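What follows is a short report on a single structure.
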Amino acid sequence: MADKKLELVIDAKAALGEGPCWDSEKQLLYWVDIMGKKVHVYNPKENTNRTISVDGYPGAVVPRKSGGLVVAMNQGYYALDLETEQLTLLASPENEPKTNRFNDGKCDASGRFWAGTMGMGSSEPAGNLYFLDQDLKITHLLDGIGTSNGIAWSGDNKTMYYIDSPTKQVVAFDFDLSSGEIKNKRVVVNIPEGEGVPDGMTIDSEGMLWVAQWGGYKVSRWNPHTGERLEIISVPVERVTSCTFGGENLDELYITTAGGGSLSEEELEKQPHAGGVFRIKVGVKGTINYAFNG
Ligand code: ZN
């Protein structure tokens, strides 16, 4: 389609741009630069990008119903006050190794904040998947995770999709919205060899998955019922990290990338906008990002 044109909306040169989360109420895009230790608030109407420096590695950020944001950072969930820019620890999982940090996360339809961890340095799969509920209680769901990444739920809230990047797969679980329980894991998408690994993802209003490919220069749209790839959005950056739908009509796909500030001159020539945030209208509507309910 001729009208599908990828735009560079923030030439942020983020070291590790990640975790885009659209706030439908405020019409803002929250996103993080994990290694750059920054939380960003992008306002598309005014084309401004506010940067909040934080003392840690923020893996994921979501709006909080009672105000402000919640950031999954280092080994804890923190409230971020947008006026004072102060962080307050809400809860930390027990027994999480200090060599782990929180990575990607998202809220489910009842406002639990799901987020997973990954090891820094060691190649052993030492990560875990958790959620924080409205009583600020943490529940442990999965262990033995390499790099906890994309999470999405089907429109009927009966299925949860999940990515542990080194597996090069997207898996599905039966999901119980009332309890948050997941079970019956199965593989629904396999990323082809030579296309990097799956990173963040979102789901559209037709139930199809949009998966960012780290090392793959692209976002792909997949049918999780057949495992078939439906579409490819080429991105001029090797490390494509995540995506989410935004805009007034939820029909704009925002895409985050990594590599700013760390590429060789030669690499930078090939991908001058590494670490930028991109946007494209893909002809389908997305689904909303939920706020944390606590
Ligand atoms: Zn990620």
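As shown in the structure tokens, the chain order sets the letters A, B, ...; within each chain, residues go from 1, and ligands are also counted from 1 in the order they appear.
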- [ ] Could you pull out the residues sitting within 12 Å of ligand 1, using only C-alpha atoms and all ligand atoms, and write them as an MDAnalysis selection string?
- [x] chainID A and resid 16:20 31:35 58:60 102:106 115:118 146:151 162:166 197:202 211:215 239:243 255:258
- [ ] Please identify which residues in segment 126-216 of chain A DSSP calls strand (DSSP E or B) from the backbone, and express them as a PyMOL selection string.
- [x] chain A and resi 127-132+138-145+147-153+159-164+169-175+182-190+197-204+209-214
Would you mind exporting the chosen residues as a PDB file, in the first residue's frame, restricted to C-alpha atoms?
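After the write, again27.pdb holds the following:
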ATOM      1  CA  GLY A 127      15.081 -14.580  34.484  1.00  0.00           C
ATOM      2  CA  ASN A 128      11.562 -14.727  35.903  1.00  0.00           C
ATOM      3  CA  LEU A 129       8.115 -13.464  35.000  1.00  0.00           C
ATOM      4  CA  TYR A 130       5.982 -11.661  37.589  1.00  0.00           C
ATOM      5  CA  PHE A 131       2.965  -9.470  37.966  1.00  0.00           C
ATOM      6  CA  LEU A 132       2.231  -6.720  40.463  1.00  0.00           C
ATOM      7  CA  ILE A 138       3.918  -9.653  43.495  1.00  0.00           C
ATOM      8  CA  THR A 139       3.067 -13.060  41.996  1.00  0.00           C
ATOM      9  CA  HIS A 140       5.738 -15.263  40.414  1.00  0.00           C
ATOM     10  CA  LEU A 141       4.622 -16.957  37.182  1.00  0.00           C
ATOM     11  CA  LEU A 142       7.632 -18.375  35.326  1.00  0.00           C
ATOM     12  CA  ASP A 143      11.315 -19.074  35.947  1.00  0.00           C
ATOM     13  CA  GLY A 144      14.218 -20.197  33.736  1.00  0.00           C
ATOM     14  CA  ILE A 145      13.675 -17.265  31.391  1.00  0.00           C
ATOM     15  CA  THR A 147      15.392 -12.527  28.272  1.00  0.00           C
ATOM     16  CA  SER A 148      11.815 -11.744  29.256  1.00  0.00           C
ATOM     17  CA  ASN A 149      10.271  -9.630  26.523  1.00  0.00           C
ATOM     18  CA  GLY A 150       6.983  -9.033  24.652  1.00  0.00           C
ATOM     19  CA  ILE A 151       3.622  -9.725  26.289  1.00  0.00           C
ATOM     20  CA  ALA A 152       0.146  -9.349  24.771  1.00  0.00           C
ATOM     21  CA  TRP A 153      -3.368 -10.599  25.436  1.00  0.00           C
ATOM     22  CA  THR A 159      -4.974 -16.124  25.687  1.00  0.00           C
ATOM     23  CA  MET A 160      -1.678 -14.534  26.722  1.00  0.00           C
ATOM     24  CA  TYR A 161       1.211 -14.341  24.270  1.00  0.00           C
ATOM     25  CA  TYR A 162       4.779 -14.162  25.535  1.00  0.00           C
ATOM     26  CA  ILE A 163       8.336 -13.918  24.229  1.00  0.00           C
ATOM     27  CA  ASP A 164      11.525 -15.228  25.846  1.00  0.00           C
ATOM     28  CA  GLN A 169       9.549 -18.192  19.553  1.00  0.00           C
ATOM     29  CA  VAL A 170       6.295 -16.600  20.558  1.00  0.00           C
ATOM     30  CA  VAL A 171       4.353 -18.856  22.918  1.00  0.00           C
ATOM     31  CA  ALA A 172       0.721 -18.763  24.010  1.00  0.00           C
ATOM     32  CA  PHE A 173      -0.877 -19.649  27.342  1.00  0.00           C
ATOM     33  CA  ASP A 174      -4.489 -20.071  28.359  1.00  0.00           C
ATOM     34  CA  PHE A 175      -5.148 -16.984  30.462  1.00  0.00           C
ATOM     35  CA  ILE A 182      -1.520 -18.935  32.937  1.00  0.00           C
ATOM     36  CA  LYS A 183      -1.313 -22.553  31.757  1.00  0.00           C
ATOM     37  CA  ASN A 184      -1.050 -24.867  28.739  1.00  0.00           C
ATOM     38  CA  LYS A 185       1.992 -23.313  27.063  1.00  0.00           C
ATOM     39  CA  ARG A 186       2.384 -23.873  23.313  1.00  0.00           C
ATOM     40  CA  VAL A 187       4.479 -22.373  20.509  1.00  0.00           C
ATOM     41  CA  VAL A 188       2.546 -20.179  18.055  1.00  0.00           C
ATOM     42  CA  VAL A 189       5.269 -18.372  16.052  1.00  0.00           C
ATOM     43  CA  ASN A 190       8.818 -19.347  15.063  1.00  0.00           C
ATOM     44  CA  VAL A 197      15.349 -12.719  17.764  1.00  0.00           C
ATOM     45  CA  PRO A 198      11.830 -11.630  18.729  1.00  0.00           C
ATOM     46  CA  ASP A 199      11.771  -8.734  21.202  1.00  0.00           C
ATOM     47  CA  GLY A 200       8.721  -6.604  22.140  1.00  0.00           C
ATOM     48  CA  MET A 201       5.266  -7.098  20.660  1.00  0.00           C
ATOM     49  CA  THR A 202       1.730  -5.811  20.462  1.00  0.00           C
ATOM     50  CA  ILE A 203      -1.585  -7.227  19.262  1.00  0.00           C
ATOM     51  CA  ASP A 204      -3.999  -5.563  16.837  1.00  0.00           C
ATOM     52  CA  LEU A 209       0.702 -10.081  16.605  1.00  0.00           C
ATOM     53  CA  TRP A 210       3.230  -7.395  15.655  1.00  0.00           C
ATOM     54  CA  VAL A 211       6.668  -8.582  16.749  1.00  0.00           C
ATOM     55  CA  ALA A 212       9.840  -6.461  16.741  1.00  0.00           C
ATOM     56  CA  GLN A 213      12.916  -8.357  15.552  1.00  0.00           C
ATOM     57  CA  TRP A 214      16.177  -7.500  17.368  1.00  0.00           C
TER      58      TRP A 214
END
Task: Which residue of A:Tyr254, A:Tyr30, A:Tyr78, A:Tyr217 approaches Thr51 of chain A most closely, using only C-alpha atoms - done: A:Tyr30
Task: Spatial neighbours of Ala12 of chain A, max dist 8 Å, only C-alpha atoms, sep filter under 4 positions, as a ChimeraX atom specification - done: /A:260,275-277
Those same residues - N, CA and C atoms - I'd like them written as a PDB file, in the first residue's frame.
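Output contents, as saved in result.pdb:
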ATOM      1  N   GLY A 260      21.930   3.620  19.549  1.00  0.00           N
ATOM      2  CA  GLY A 260      22.443   4.995  19.568  1.00  0.00           C
ATOM      3  C   GLY A 260      23.654   5.098  20.478  1.00  0.00           C
ATOM      4  N   GLY A 275      18.425   3.878  17.424  1.00  0.00           N
ATOM      5  CA  GLY A 275      17.976   4.473  18.682  1.00  0.00           C
ATOM      6  C   GLY A 275      16.829   5.450  18.516  1.00  0.00           C
ATOM      7  N   GLY A 276      16.328   5.574  17.287  1.00  0.00           N
ATOM      8  CA  GLY A 276      15.188   6.463  17.035  1.00  0.00           C
ATOM      9  C   GLY A 276      13.856   5.782  17.294  1.00  0.00           C
ATOM     10  N   VAL A 277      12.815   6.614  17.397  1.00  0.00           N
ATOM     11  CA  VAL A 277      11.445   6.102  17.487  1.00  0.00           C
ATOM     12  C   VAL A 277      10.770   6.389  16.144  1.00  0.00           C
TER      13      VAL A 277
END
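Note that the spacing between atom CA of Gly111 of chain A and atom CA of Phe292 of chain A amounts to 4.6 Å.
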